[in-house]
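To be precise, the following lines are my_file_38.cif, and they hold mmCIF, C-alpha atoms.
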data_target
#
loop_
_atom_site.label_atom_id
_atom_site.label_comp_id
_atom_site.auth_asym_id
_atom_site.auth_seq_id
_atom_site.Cartn_x
_atom_site.Cartn_y
_atom_site.Cartn_z
CA MET F 4 86.99 106.52 59.84
CA LEU F 5 88.49 109.75 58.49
CA VAL F 6 92.11 110.73 59.10
CA ARG F 7 94.34 113.67 58.19
CA LEU F 8 98.02 113.24 57.41
CA LEU F 9 100.59 115.99 56.91
CA TYR F 10 104.08 115.37 55.56
CA VAL F 11 107.02 117.29 54.17
CA SER F 12 109.57 116.23 51.55
CA ARG F 13 112.30 117.65 49.32
CA ALA F 14 111.97 117.69 45.55
CA ILE F 15 114.66 115.86 43.59
CA ASP F 16 114.47 118.54 40.86
CA LYS F 17 114.01 121.84 42.73
CA ASP F 18 113.21 123.97 39.67
CA CYS F 19 111.03 121.60 37.71
CA ALA F 20 107.51 122.89 37.09
CA LYS F 21 106.81 119.66 35.21
CA THR F 22 107.35 117.66 38.41
CA ILE F 23 104.83 119.78 40.31
CA GLU F 24 102.28 119.44 37.52
CA SER F 25 102.93 115.70 37.39
CA VAL F 26 102.35 115.33 41.13
CA LEU F 27 99.16 117.43 40.95
CA GLU F 28 97.82 115.56 37.93
CA THR F 29 98.50 112.17 39.53
CA SER F 30 96.97 113.32 42.83
CA ARG F 31 93.83 114.73 41.28
CA SER F 32 93.12 111.70 39.11
CA HIS F 33 93.85 109.18 41.88
CA ASN F 34 92.30 111.04 44.80
CA MET F 35 88.80 111.56 43.46
CA GLY F 36 88.19 107.84 43.01
CA ASN F 37 89.64 107.03 46.43
CA GLY F 38 87.84 109.64 48.52
CA ILE F 39 91.01 111.60 49.24
CA THR F 40 91.14 115.38 49.52
CA GLY F 41 93.98 117.71 50.41
CA VAL F 42 96.38 120.46 49.53
CA LEU F 43 99.93 120.47 48.13
CA CYS F 44 102.31 123.33 48.85
CA TYR F 45 105.63 123.80 47.09
CA GLY F 46 108.44 126.30 47.51
CA GLY F 47 112.20 126.37 47.80
CA GLY F 48 112.46 122.74 46.80
CA VAL F 49 110.10 121.61 49.58
CA PHE F 50 106.71 119.90 49.31
CA LEU F 51 104.23 120.22 52.19
CA GLN F 52 101.10 118.14 51.71
CA ALA F 53 97.99 117.47 53.74
CA ILE F 54 95.82 114.53 52.73
CA GLU F 55 92.48 113.47 54.19
CA GLY F 56 90.24 110.48 53.71
CA GLY F 57 89.58 107.00 54.96
CA ARG F 58 92.37 105.56 57.10
CA ASP F 59 93.23 102.70 54.72
CA ALA F 60 93.23 104.94 51.63
CA VAL F 61 95.38 107.64 53.28
CA ASN F 62 97.85 105.12 54.70
CA LYS F 63 98.18 103.38 51.34
CA LEU F 64 98.73 106.70 49.59
CA TYR F 65 101.35 107.80 52.13
CA ASN F 66 103.27 104.53 51.66
CA HIS F 67 103.23 105.21 47.91
CA ILE F 68 104.43 108.80 48.48
CA VAL F 69 107.38 107.60 50.57
CA GLU F 70 108.50 105.42 47.61
CA ASP F 71 107.92 108.13 44.95
CA ALA F 72 111.19 108.92 43.16
CA ARG F 73 110.20 112.57 42.54
CA HIS F 74 111.13 113.52 46.11
CA THR F 75 113.23 112.51 49.11
CA ASP F 76 113.52 113.15 52.86
CA VAL F 77 109.81 112.38 53.43
CA VAL F 78 108.90 113.15 57.06
CA LEU F 79 105.50 112.57 58.67
CA LEU F 80 104.64 115.78 60.54
CA HIS F 81 101.11 115.10 61.78
CA TYR F 82 98.54 112.29 61.73
CA GLU F 83 95.14 112.38 63.41
CA GLU F 84 91.67 110.92 63.33
CA ILE F 85 89.18 113.61 62.31
CA SER F 86 85.43 114.05 62.45
CA GLU F 87 85.31 116.25 59.34
CA ARG F 88 87.56 117.35 56.49
CA ARG F 89 89.21 120.75 56.30
CA PHE F 90 90.16 120.33 52.63
CA GLY F 91 86.95 118.69 51.45
CA GLY F 92 86.59 121.06 48.49
CA TRP F 93 89.86 120.04 46.90
CA THR F 94 90.90 116.78 45.29
CA MET F 95 94.29 118.50 45.55
CA GLY F 96 94.64 122.26 46.07
CA GLN F 97 97.93 123.99 45.30
CA VAL F 98 99.96 126.68 47.06
CA ASN F 99 103.29 128.12 45.96
CA LEU F 100 105.17 128.56 49.25
CA SER F 101 107.83 130.74 47.64
CA LYS F 102 105.17 133.46 47.11
CA LEU F 103 103.95 133.59 50.71
CA ASN F 104 103.61 136.94 52.40
CA THR F 105 106.51 137.34 54.86
CA SER F 106 104.20 138.49 57.65
CA ILE F 107 102.18 135.26 57.36
CA VAL F 108 105.37 133.19 57.48
CA LEU F 109 106.70 135.07 60.53
CA LYS F 110 103.43 134.39 62.34
CA TYR F 111 104.30 130.68 62.30
CA SER F 112 108.09 130.58 62.07
CA GLU F 113 111.21 132.04 63.66
CA ARG F 114 112.48 133.38 60.33
CA PRO F 115 110.83 134.74 57.19
CA GLU F 116 111.58 131.52 55.29
CA PHE F 117 109.01 128.87 56.04
CA ASP F 118 110.69 125.58 56.90
CA PRO F 119 108.24 122.75 57.64
CA TYR F 120 111.18 120.62 58.84
CA GLY F 121 111.81 123.12 61.64
CA VAL F 122 108.27 123.58 62.99
CA SER F 123 105.64 121.26 64.39
CA GLY F 124 102.98 119.61 62.29
CA LYS F 125 100.34 121.65 64.11
CA VAL F 126 102.09 124.88 63.08
CA SER F 127 102.23 123.74 59.46
CA LEU F 128 98.55 122.82 59.59
CA ALA F 129 97.70 126.23 61.07
CA LEU F 130 99.52 127.89 58.18
CA LEU F 131 97.50 125.83 55.69
CA GLU F 132 94.30 126.90 57.41
CA GLU F 133 95.32 130.56 57.14
CA LEU F 134 96.13 130.11 53.47
CA MET F 135 92.63 128.70 52.97
CA ALA F 136 91.09 131.63 54.83
CA THR F 137 93.00 134.17 52.72
CA ALA F 138 92.22 132.40 49.44
CA SER F 139 95.88 131.67 48.79
CA ILE F 140 95.15 128.09 47.76
CA ILE F 141 94.62 127.66 44.03
CA GLY F 142 93.71 124.70 41.88
CA ARG F 143 90.42 123.73 43.49
CA ALA F 144 90.07 120.78 41.12
#
Starting from the file, lay out its structure as structure tokens.
Amino acid sequence: MLVRLLYVSRAIDKDCAKTIESVLETSRSHNMGNGITGVLCYGGGVFLQAIEGGRDAVNKLYNHIVEDARHTDVVLLHYEEISERRFGGWTMGQVNLSKLNTSIVLKYSERPEFDPYGVSGKVSLALLEELMATASIIGRA
């Protein structure tokens, strides 16, 4: 059974490119062997990540993420059973949220700063889908 999980968290080191690369490298190497796909967004010290795969694999990964010392304030935004993947082409795609077009952000948020803590999981997922449609997601590894 496939599931999709979306969570948000705050980076411990807000300006550390090495942390982002470390998270992406770990994700890409782990995810391929475990049938997990997804996308990681980062901006303003906030991670927004969608992960998809088998229920057991996704749940195990999320439990690991909650314990990961590279971030804090982990909040589950959305969890659902799915019939097909939306991020099937990415072991872990990457989006820099700080470079989002303001008009895209305002489409999904009250203010021009996107705050996944202040919107629903469905809104955050809709933003990710728009980013996919506009080719804003990089790192298709």
#### Entry: Which of F:Val98, F:Gly47, F:Ala60, F:Arg73 sits closest to Glu116 in chain F [using all atoms listed in the file]
F:Gly47
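CA of Glu132 in chain F is found 20.5 Å from CA of Gly38 in chain F.
Between CA of Asn37 in chain F and CA of Leu130 in chain F the interatomic distance comes to 25.9 Å.
Across the chains present, the PyMOL selection byres ((chain F and resi 108) around 12) applied to this file returns Leu100, Ser101, Lys102, Leu103, Asn104, Thr105, Ser106, Ile107, Leu109, Lys110, Tyr111, Ser112, Glu113, Arg114, Pro115, Glu116, Phe117, Asp118, Pro119, Val122, Val126, Ser127, Ala129, Leu130, Leu131, Glu133 and Leu134 of chain F.
As for CA of Val6 in chain F and CA of Gly56 in chain F, they are spaced 5.7 Å apart.
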#### Entry: Distance criterion (all atoms listed in the file): nearest to Val78 in chain F out of F:Tyr120, F:Lys63, F:Ala136, F:Val42
F:Tyr120
### Task
For Asp71 in chain F, list every protein, DNA or RNA residue within 12 Å, evaluated using only C-alpha atoms, and leave out those in the same chain fewer than 5 positions away; present the list as a VMD selection string.
chain F and resid 12 to 15 22 25 to 26 29 64 to 66 76 to 77
### Query
Quick one: of F:Gly121, F:Gly48, F:Thr40, F:Glu55, who's nearest to Ser86 in chain F, counting only C-alpha atoms?
F:Glu55
### Query
Which of these residues is nearest to Val69 in chain F, using only C-alpha atoms: F:Cys44, F:Val11, F:Met135, F:Leu27?
F:Val11
### Query
Expanded to explicit residues, what is the PyMOL selection byres ((chain F and resi 85) around 8) for this file, as a PyMOL selection string?
chain F and resi 4-7+83-84+86-88
### Message
Could you tell me, as a list in words, exactly which residues end up selected when the PyMOL selection byres ((chain F and resi 8-10) around 6) is applied to this structure?
### Response
Arg7, Val11, Leu51, Gln52, Ala53, Ile54, Val78, Leu79, Leu80, His81 and Tyr82 of chain F
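Remark: for Gly46 in chain F, the closest of the candidate residues F:Ile23, F:Val61, F:His67, F:Arg31 is F:Ile23 (distances computed over all atoms listed in the file).
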## Note on the structure
Ile39 in chain F proximity check over F:Asp16, F:Ala72, F:Arg89, F:Gly124, using all atoms listed in the file: winner is F:Arg89
